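Data file: query.tsv. Format and content: TSV, C-alpha atoms.
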```
chain	number	residue	atom	x	y	z
A	1	MET	CA	-54.44	42.35	42.40
A	2	ASN	CA	-55.53	44.58	39.56
A	3	LYS	CA	-57.64	42.66	37.03
A	4	LEU	CA	-59.24	43.84	33.82
A	5	TRP	CA	-61.94	41.68	32.29
A	6	THR	CA	-63.61	42.07	28.91
A	7	MET	CA	-66.21	39.52	27.86
A	8	ILE	CA	-67.14	39.14	24.20
A	9	CYS	CA	-69.49	36.48	22.90
A	10	LEU	CA	-67.67	34.28	20.38
A	11	SER	CA	-69.83	31.58	18.79
A	12	SER	CA	-70.62	29.03	21.53
A	13	ALA	CA	-67.56	30.00	23.56
A	14	PHE	CA	-66.56	33.12	25.46
A	15	LEU	CA	-63.52	35.27	24.84
A	16	PHE	CA	-61.79	36.77	27.85
A	17	ASN	CA	-58.97	39.29	27.79
A	18	VAL	CA	-57.09	39.07	31.07
A	19	SER	CA	-54.37	41.52	32.02
A	20	ALA	CA	-52.87	42.39	35.40
A	21	THR	CA	-50.18	44.72	34.10
A	22	SER	CA	-49.76	47.06	31.17
A	23	ALA	CA	-47.01	45.79	28.90
A	24	THR	CA	-46.43	46.14	25.19
A	25	ASP	CA	-43.59	43.77	24.41
A	26	ARG	CA	-43.29	41.32	27.30
A	27	TRP	CA	-44.47	38.65	24.85
A	28	ALA	CA	-41.11	38.92	23.05
A	29	GLU	CA	-39.08	37.85	26.10
A	30	PHE	CA	-38.53	34.68	28.07
A	31	SER	CA	-37.71	34.94	31.78
A	32	ALA	CA	-36.80	32.08	34.10
A	33	PRO	CA	-39.31	31.37	36.87
A	34	PRO	CA	-38.62	32.48	40.44
A	35	ALA	CA	-37.81	29.96	43.18
A	36	MET	CA	-40.61	27.67	44.28
A	37	PRO	CA	-42.09	28.15	47.75
A	38	ALA	CA	-41.50	25.50	50.40
A	39	ALA	CA	-43.36	22.28	49.68
A	40	VAL	CA	-45.56	20.53	52.21
A	41	LYS	CA	-44.35	17.25	50.78
A	42	SER	CA	-42.18	16.13	47.87
A	43	GLY	CA	-40.63	12.93	46.63
A	44	LYS	CA	-40.56	10.42	43.81
A	45	ALA	CA	-43.48	8.14	43.06
A	46	PRO	CA	-42.92	4.72	41.45
A	47	VAL	CA	-45.38	4.82	38.51
A	48	ASN	CA	-45.39	2.89	35.23
A	49	GLY	CA	-41.76	1.83	35.61
A	50	ILE	CA	-40.41	5.35	36.32
A	51	GLU	CA	-39.59	7.44	39.37
A	52	MET	CA	-41.81	10.51	39.02
A	53	TYR	CA	-40.84	13.63	40.95
A	54	TYR	CA	-43.78	15.40	42.60
A	55	ALA	CA	-44.34	18.16	45.14
A	56	ILE	CA	-47.42	19.26	47.08
A	57	TYR	CA	-48.00	22.84	48.24
A	58	GLY	CA	-50.52	24.46	50.56
A	59	SER	CA	-53.82	23.10	51.75
A	60	GLY	CA	-57.44	23.85	51.31
A	61	GLU	CA	-60.90	22.37	51.52
A	62	GLY	CA	-61.63	22.69	47.81
A	63	THR	CA	-60.72	20.37	44.98
A	64	PRO	CA	-56.93	19.99	44.65
A	65	ILE	CA	-55.25	21.56	41.63
A	66	LEU	CA	-52.89	19.52	39.43
A	67	MET	CA	-50.57	21.66	37.30
A	68	ILE	CA	-48.77	20.02	34.36
A	69	HIS	CA	-45.85	21.77	32.63
A	70	GLY	CA	-44.96	21.83	28.95
A	71	GLY	CA	-42.55	19.83	26.83
A	72	LEU	CA	-38.84	19.96	27.82
A	73	GLY	CA	-39.87	21.80	31.00
A	74	TYR	CA	-40.21	20.98	34.65
A	75	ALA	CA	-42.62	21.57	37.53
A	76	ASP	CA	-40.95	24.75	38.82
A	77	ILE	CA	-42.16	26.69	35.77
A	78	TRP	CA	-45.33	27.18	37.87
A	79	ALA	CA	-43.55	28.93	40.78
A	80	SER	CA	-45.50	32.20	40.64
A	81	GLN	CA	-48.85	30.46	40.31
A	82	VAL	CA	-48.09	27.93	43.05
A	83	ALA	CA	-47.07	30.71	45.46
A	84	ASP	CA	-50.47	32.35	45.00
A	85	LEU	CA	-52.81	29.38	44.60
A	86	SER	CA	-51.33	27.41	47.52
A	87	ARG	CA	-52.59	30.10	49.91
A	88	ASP	CA	-56.06	28.56	49.71
A	89	HIS	CA	-55.70	25.37	47.65
A	90	THR	CA	-53.73	22.17	47.67
A	91	VAL	CA	-51.54	22.31	44.57
A	92	ILE	CA	-49.77	19.29	43.09
A	93	VAL	CA	-46.99	19.62	40.53
A	94	ALA	CA	-44.73	16.99	38.99
A	95	ASP	CA	-42.05	16.48	36.36
A	96	SER	CA	-43.38	14.46	33.43
A	97	ARG	CA	-41.50	11.29	32.52
A	98	GLY	CA	-37.97	12.01	31.34
A	99	HIS	CA	-38.35	15.68	32.26
A	100	GLY	CA	-36.71	17.46	35.16
A	101	ARG	CA	-36.08	15.11	38.08
A	102	SER	CA	-38.18	12.22	36.76
A	103	THR	CA	-36.73	9.13	35.12
A	104	SER	CA	-37.92	7.47	31.92
A	105	THR	CA	-37.98	4.06	30.26
A	106	ASP	CA	-37.22	2.84	26.76
A	107	ALA	CA	-40.86	3.35	25.78
A	108	PRO	CA	-41.36	6.10	23.16
A	109	TYR	CA	-42.79	9.33	24.51
A	110	ALA	CA	-46.55	9.54	23.99
A	111	TYR	CA	-49.29	11.71	25.44
A	112	ASP	CA	-51.42	8.69	26.40
A	113	LEU	CA	-48.47	7.27	28.32
A	114	MET	CA	-47.72	10.54	30.11
A	115	ALA	CA	-51.39	10.98	31.02
A	116	SER	CA	-51.38	7.49	32.50
A	117	ASP	CA	-48.33	8.48	34.56
A	118	TYR	CA	-50.27	11.34	36.11
A	119	VAL	CA	-53.28	9.10	36.80
A	120	ALA	CA	-50.93	6.66	38.55
A	121	LEU	CA	-49.40	9.56	40.51
A	122	LEU	CA	-52.85	10.59	41.76
A	123	ASP	CA	-53.46	6.97	42.77
A	124	TYR	CA	-50.12	6.92	44.61
A	125	LEU	CA	-51.01	10.13	46.45
A	126	GLN	CA	-54.54	8.85	47.12
A	127	ILE	CA	-56.10	11.86	45.44
A	128	GLY	CA	-59.39	11.31	43.65
A	129	LYS	CA	-60.42	14.28	41.53
A	130	VAL	CA	-58.44	17.38	40.58
A	131	ALA	CA	-58.91	20.61	38.69
A	132	LEU	CA	-56.23	20.27	36.02
A	133	VAL	CA	-54.21	23.21	34.69
A	134	GLY	CA	-51.98	22.23	31.79
A	135	TRP	CA	-49.69	24.29	29.60
A	136	SER	CA	-48.54	23.26	26.08
A	137	ASP	CA	-47.77	19.52	26.33
A	138	GLY	CA	-49.41	19.71	29.75
A	139	GLY	CA	-52.56	21.06	28.13
A	140	ILE	CA	-52.49	18.19	25.65
A	141	ILE	CA	-52.12	15.74	28.54
A	142	GLY	CA	-55.09	17.51	30.14
A	143	LEU	CA	-57.23	16.96	27.05
A	144	ASP	CA	-56.19	13.30	27.10
A	145	PHE	CA	-57.34	13.16	30.73
A	146	ALA	CA	-60.67	14.70	29.84
A	147	MET	CA	-61.30	12.17	27.07
A	148	LYS	CA	-59.95	9.03	28.74
A	149	HIS	CA	-59.96	9.65	32.50
A	150	PRO	CA	-62.85	12.11	33.04
A	151	GLU	CA	-63.67	10.56	36.41
A	152	ARG	CA	-60.45	12.13	37.76
A	153	LEU	CA	-61.32	15.71	36.76
A	154	THR	CA	-63.63	18.39	38.08
A	155	LYS	CA	-62.60	20.80	35.30
A	156	LEU	CA	-59.82	21.48	32.81
A	157	PHE	CA	-57.75	24.58	31.90
A	158	ALA	CA	-55.84	23.68	28.73
A	159	HIS	CA	-53.42	26.45	27.72
A	160	ALA	CA	-51.51	26.51	24.41
A	161	ALA	CA	-52.52	22.99	23.50
A	162	ASN	CA	-52.98	21.49	20.04
A	163	THR	CA	-55.01	18.46	19.04
A	164	ASN	CA	-53.16	17.67	15.82
A	165	THR	CA	-49.85	18.66	14.28
A	166	GLU	CA	-51.48	21.19	11.95
A	167	GLY	CA	-52.17	23.34	15.00
A	168	VAL	CA	-48.46	24.12	15.41
A	169	ASP	CA	-46.58	26.87	13.54
A	170	PRO	CA	-43.08	25.43	12.95
A	171	ASP	CA	-41.62	28.92	12.50
A	172	GLY	CA	-42.38	29.56	16.16
A	173	PHE	CA	-39.59	27.24	17.22
A	174	GLU	CA	-37.06	29.70	15.80
A	175	THR	CA	-38.31	32.75	17.67
A	176	LYS	CA	-36.28	34.42	20.40
A	177	PRO	CA	-38.51	33.38	23.34
A	178	PHE	CA	-38.68	29.73	22.28
A	179	LEU	CA	-34.93	29.44	21.65
A	180	ALA	CA	-34.31	31.02	25.06
A	181	TYR	CA	-36.72	28.50	26.61
A	182	ILE	CA	-34.84	25.58	25.02
A	183	ASP	CA	-31.53	26.90	26.34
A	184	HIS	CA	-33.00	27.42	29.80
A	185	CYS	CA	-34.43	23.91	29.90
A	186	LYS	CA	-31.08	22.50	28.79
A	187	GLU	CA	-29.31	24.29	31.66
A	188	VAL	CA	-31.88	23.11	34.21
A	189	TYR	CA	-31.80	19.55	32.83
A	190	ALA	CA	-28.02	19.46	33.32
A	191	ARG	CA	-28.51	20.43	36.97
A	192	ILE	CA	-31.42	18.29	38.08
A	193	SER	CA	-31.96	15.36	35.68
A	194	PRO	CA	-30.91	11.80	36.62
A	195	THR	CA	-29.58	11.62	33.05
A	196	ALA	CA	-27.96	15.06	33.06
A	197	LYS	CA	-25.76	14.55	29.99
A	198	GLN	CA	-28.50	13.22	27.71
A	199	TYR	CA	-30.47	16.38	26.92
A	200	GLU	CA	-29.85	16.21	23.16
A	201	ALA	CA	-31.10	12.63	23.03
A	202	PHE	CA	-34.10	13.63	25.12
A	203	LEU	CA	-34.85	16.54	22.77
A	204	LYS	CA	-34.60	14.24	19.76
A	205	GLN	CA	-37.04	11.76	21.32
A	206	MET	CA	-39.49	14.53	22.11
A	207	ASN	CA	-39.28	15.77	18.52
A	208	VAL	CA	-40.28	12.31	17.32
A	209	MET	CA	-43.46	12.56	19.41
A	210	TRP	CA	-44.20	16.12	18.30
A	211	GLU	CA	-43.95	15.15	14.62
A	212	SER	CA	-46.96	12.84	14.86
A	213	GLN	CA	-48.83	13.57	18.09
A	214	PRO	CA	-51.42	14.41	19.14
A	215	ASN	CA	-53.76	13.34	16.39
A	216	TRP	CA	-57.32	13.50	17.69
A	217	SER	CA	-60.50	13.82	15.67
A	218	ASP	CA	-63.27	16.30	16.34
A	219	ASP	CA	-65.49	13.36	17.32
A	220	GLN	CA	-63.04	12.48	20.07
A	221	LEU	CA	-62.99	16.06	21.35
A	222	LYS	CA	-66.78	16.09	21.39
A	223	THR	CA	-66.75	13.33	24.03
A	224	ILE	CA	-65.29	15.72	26.63
A	225	ASP	CA	-67.93	16.47	29.24
A	226	VAL	CA	-66.01	18.25	31.99
A	227	PRO	CA	-66.11	22.06	32.26
A	228	THR	CA	-63.24	23.21	30.05
A	229	VAL	CA	-61.30	26.40	29.34
A	230	ILE	CA	-59.20	26.54	26.18
A	231	ALA	CA	-56.61	29.30	26.59
A	232	VAL	CA	-53.90	30.86	24.43
A	233	GLY	CA	-51.77	33.99	24.48
A	234	ASP	CA	-52.71	36.62	21.91
A	235	ARG	CA	-49.05	36.58	20.78
A	236	ASP	CA	-48.48	32.82	20.93
A	237	GLU	CA	-45.69	32.00	18.49
A	238	ILE	CA	-46.28	28.23	18.46
A	239	ILE	CA	-50.01	27.56	18.43
A	240	VAL	CA	-52.15	28.67	15.47
A	241	ARG	CA	-54.99	30.90	16.73
A	242	LYS	CA	-57.63	29.42	14.42
A	243	HIS	CA	-56.70	25.98	15.72
A	244	THR	CA	-57.27	27.10	19.32
A	245	GLU	CA	-60.59	28.64	18.36
A	246	HIS	CA	-61.60	25.40	16.65
A	247	ILE	CA	-60.82	23.38	19.77
A	248	ALA	CA	-62.96	25.72	21.88
A	249	GLU	CA	-65.80	25.49	19.37
A	250	THR	CA	-65.57	21.68	19.26
A	251	VAL	CA	-65.29	20.74	22.94
A	252	PRO	CA	-68.87	20.90	24.26
A	253	GLY	CA	-69.48	24.01	26.34
A	254	ALA	CA	-65.82	25.06	26.33
A	255	LYS	CA	-64.85	28.67	27.01
A	256	LEU	CA	-62.12	30.38	25.03
A	257	VAL	CA	-59.67	32.53	27.01
A	258	ILE	CA	-57.28	34.88	25.19
A	259	LEU	CA	-54.43	36.03	27.43
A	260	LYS	CA	-53.41	39.60	26.59
A	261	ASP	CA	-49.91	40.72	25.51
A	262	VAL	CA	-48.28	37.32	26.10
A	263	SER	CA	-46.89	34.52	23.98
A	264	HIS	CA	-46.53	30.78	24.57
A	265	PHE	CA	-44.88	31.58	27.91
A	266	ALA	CA	-47.76	33.52	29.45
A	267	MET	CA	-47.30	32.24	33.02
A	268	LEU	CA	-43.81	33.81	33.05
A	269	GLN	CA	-44.56	36.97	31.07
A	270	ASP	CA	-47.64	37.99	33.07
A	271	PRO	CA	-47.69	35.92	36.28
A	272	GLN	CA	-50.46	37.93	37.97
A	273	GLY	CA	-52.72	37.98	34.93
A	274	TYR	CA	-52.20	34.27	34.37
A	275	THR	CA	-53.02	33.45	37.97
A	276	ALA	CA	-56.12	35.65	37.73
A	277	ALA	CA	-57.25	33.59	34.73
A	278	ILE	CA	-56.76	30.37	36.70
A	279	ARG	CA	-58.70	31.73	39.67
A	280	ALA	CA	-61.55	32.72	37.36
A	281	PHE	CA	-61.45	29.20	35.91
A	282	LEU	CA	-61.61	27.66	39.41
A	283	GLU	CA	-64.74	29.72	40.15
A	284	MET	CA	-66.36	28.73	36.84
A	285	ARG	CA	-69.59	26.75	37.10
```
Rewrite the coordinates I just gave you, this time as structure tokens.
Amino acid sequence: MNKLWTMICLSSAFLFNVSATSATDRWAEFSAPPAMPAAVKSGKAPVNGIEMYYAIYGSGEGTPILMIHGGLGYADIWASQVADLSRDHTVIVADSRGHGRSTSTDAPYAYDLMASDYVALLDYLQIGKVALVGWSDGGIIGLDFAMKHPERLTKLFAHAANTNTEGVDPDGFETKPFLAYIDHCKEVYARISPTAKQYEAFLKQMNVMWESQPNWSDDQLKTIDVPTVIAVGDRDEIIVRKHTEHIAETVPGAKLVILKDVSHFAMLQDPQGYTAAIRAFLEMR
């Protein structure tokens, strides 16, 4: 795998440019993920009143990796990364409550609640600590983990996360890649969700959460004491760059990773480069 690394000192963090391919406009496109590899085990875990879909891939002696997808999405978004990382790690993925194949309750969507679902899933699977990789809403859930359930983490890779609503550029929701992502998720939801005809209601409920959450103070972020990477694509259309930089500067000892020539959907636009960034994160001390 061809990897190009450039390290530049940036305040108390580090800036990495990671690229496995040369591409000029891949950031402007959204592509569906490939098929997932065969799982070692999959099923639905009864947690917090829901049935939470999960799947486990590969094996390995190191700390297991938990990968958490973004809002409206589903676990299979990680297909390329799982295919690579499961060669030498145990990788756990799941569909967050109400997403994909998982059910929901009448409780309003909230990041604290979804983080508690994943803690309960780890309990159900009898897994102690994980290295957590989270994208978008998954990255926010990861930050919630780091603040409120640090005993379950060895380290955190939070990609395209925000810590308050000011970190989101609302114009990004009207861009071509994001609109294509919404349409893709709608099509997948109709195929795999237990409530296949309720996507519009689901989207509306998620929008209610996004309008007010997360809403964390800098003092809360400063309580994080697990090794942390804060990552964002250099063309991210949703997350404000200065906001990402502020998170990296605020979380003690955090490293800032800038993913080259990709947008909010970096794991799909540059699968090899994204996986290289995760592997570098896993080796981080």
**Message:** I'd like the contact shell of region 31-42 of chain A - 6 Å cut-off, only C-alpha atoms, skipping same-chain residues fewer than 5 positions apart - returned as number ranges by chain.
**Reply:** A: 54-57, 77, 79
Which residues of region 193-216 of chain A sit at most 9 Å from region 145-165 of chain A, using all atoms listed in the file? Give each one's shortest atom pair and distance in Å (one decimal place), in chain and ascending residue order, as a Markdown table.
```
| residue | atom | partner | partner_atom | distance |
| --- | --- | --- | --- | --- |
| A:Trp210 | CA | A:Thr165 | CA | 7.4 |
| A:Glu211 | CA | A:Thr165 | CA | 6.9 |
| A:Ser212 | CA | A:Thr165 | CA | 6.5 |
| A:Gln213 | CA | A:Asn164 | CA | 6.4 |
| A:Pro214 | CA | A:Asn164 | CA | 5.0 |
| A:Asn215 | CA | A:Asn164 | CA | 4.4 |
| A:Trp216 | CA | A:Thr163 | CA | 5.6 |
```
Determine, counting only C-alpha atoms, which protein, DNA and RNA residues have an atom within 9 Å of an atom of region 237-250 of chain A; residues of the same chain fewer than 2 positions away are not included. Present the result as an mmCIF file with C-alpha atoms, keeping the file's coordinate frame.
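Ended up saving to out_22.cif:
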```cif
data_model
loop_
_atom_site.group_PDB
_atom_site.id
_atom_site.type_symbol
_atom_site.label_atom_id
_atom_site.label_comp_id
_atom_site.auth_asym_id
_atom_site.auth_seq_id
_atom_site.Cartn_x
_atom_site.Cartn_y
_atom_site.Cartn_z
ATOM 1 C CA SER A 11 -69.830 31.580 18.790
ATOM 2 C CA SER A 12 -70.620 29.030 21.530
ATOM 3 C CA ALA A 13 -67.560 30.000 23.560
ATOM 4 C CA PHE A 14 -66.560 33.120 25.460
ATOM 5 C CA SER A 136 -48.540 23.260 26.080
ATOM 6 C CA ALA A 160 -51.510 26.510 24.410
ATOM 7 C CA ALA A 161 -52.520 22.990 23.500
ATOM 8 C CA ASN A 162 -52.980 21.490 20.040
ATOM 9 C CA THR A 163 -55.010 18.460 19.040
ATOM 10 C CA GLU A 166 -51.480 21.190 11.950
ATOM 11 C CA GLY A 167 -52.170 23.340 15.000
ATOM 12 C CA VAL A 168 -48.460 24.120 15.410
ATOM 13 C CA ASP A 169 -46.580 26.870 13.540
ATOM 14 C CA PRO A 170 -43.080 25.430 12.950
ATOM 15 C CA ASP A 171 -41.620 28.920 12.500
ATOM 16 C CA GLY A 172 -42.380 29.560 16.160
ATOM 17 C CA PHE A 173 -39.590 27.240 17.220
ATOM 18 C CA THR A 175 -38.310 32.750 17.670
ATOM 19 C CA PRO A 177 -38.510 33.380 23.340
ATOM 20 C CA PHE A 178 -38.680 29.730 22.280
ATOM 21 C CA ASP A 218 -63.270 16.300 16.340
ATOM 22 C CA ASP A 219 -65.490 13.360 17.320
ATOM 23 C CA LEU A 221 -62.990 16.060 21.350
ATOM 24 C CA LYS A 222 -66.780 16.090 21.390
ATOM 25 C CA THR A 228 -63.240 23.210 30.050
ATOM 26 C CA VAL A 229 -61.300 26.400 29.340
ATOM 27 C CA ILE A 230 -59.200 26.540 26.180
ATOM 28 C CA ALA A 231 -56.610 29.300 26.590
ATOM 29 C CA VAL A 232 -53.900 30.860 24.430
ATOM 30 C CA GLY A 233 -51.770 33.990 24.480
ATOM 31 C CA ASP A 234 -52.710 36.620 21.910
ATOM 32 C CA ARG A 235 -49.050 36.580 20.780
ATOM 33 C CA PRO A 252 -68.870 20.900 24.260
ATOM 34 C CA GLY A 253 -69.480 24.010 26.340
ATOM 35 C CA ALA A 254 -65.820 25.060 26.330
ATOM 36 C CA LYS A 255 -64.850 28.670 27.010
ATOM 37 C CA LEU A 256 -62.120 30.380 25.030
ATOM 38 C CA SER A 263 -46.890 34.520 23.980
ATOM 39 C CA HIS A 264 -46.530 30.780 24.570
#
```
**Message:** So, with all atoms listed in the file as the atoms that count, which of A:Val262, A:Leu113, A:Ile127, A:Ala277 lies closest to Thr63 (chain A)?
**Reply:** A:Ile127
**Pairwise distance for CA of Ala107 (chain A) and CA of Ala196 (chain A), rounded to one decimal in Å** =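 That distance, rounded to one decimal, is 18.9 Å.
Nearest residue to Met267 (chain A) among A:His99, A:Gly134, A:Leu122, A:Ile50 is A:Gly134, counting all atoms listed in the file.
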**For CA of Arg97 (chain A) and CA of Val47 (chain A), the interatomic separation in Å (one decimal)** = 9.6 Å
**Prompt:** CA of Val208 (chain A) to CA of Ala266 (chain A): how many Å, to one decimal?
**Reply:**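 Taking CA of Val208 (chain A) as the start and CA of Ala266 (chain A) as the end point, the length is 25.6 Å.
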Can you write out as CSV which residues of region 40-114 of chain A fall within 12 Å of region 180-191 of chain A, alongside each residue's closest atom pair and its distance in Å to one decimal, counting all atoms listed in the file and ordering rows by chain and ascending residue number?
```
residue,atom,partner,partner_atom,distance
A:His69,CA,A:Cys185,CA,11.9
A:Gly70,CA,A:Cys185,CA,10.8
A:Gly71,CA,A:Cys185,CA,9.6
A:Leu72,CA,A:Cys185,CA,6.3
A:Gly73,CA,A:Cys185,CA,5.9
A:Tyr74,CA,A:Cys185,CA,8.0
A:Ala75,CA,A:Val188,CA,11.3
A:Asp76,CA,A:Val188,CA,10.3
A:Ile77,CA,A:Cys185,CA,10.1
A:Asp95,CA,A:Tyr189,CA,11.3
A:Gly98,CA,A:Tyr189,CA,9.9
A:His99,CA,A:Tyr189,CA,7.6
A:Gly100,CA,A:Tyr189,CA,5.8
A:Arg101,CA,A:Tyr189,CA,8.1
A:Ser102,CA,A:Tyr189,CA,10.5
A:Thr103,CA,A:Tyr189,CA,11.8
```
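Taking all atoms listed in the file into account, Asp117 (chain A) lies nearest to A:Asn48 out of the set A:Thr90, A:Asn48, A:Gln272, A:Gln220.
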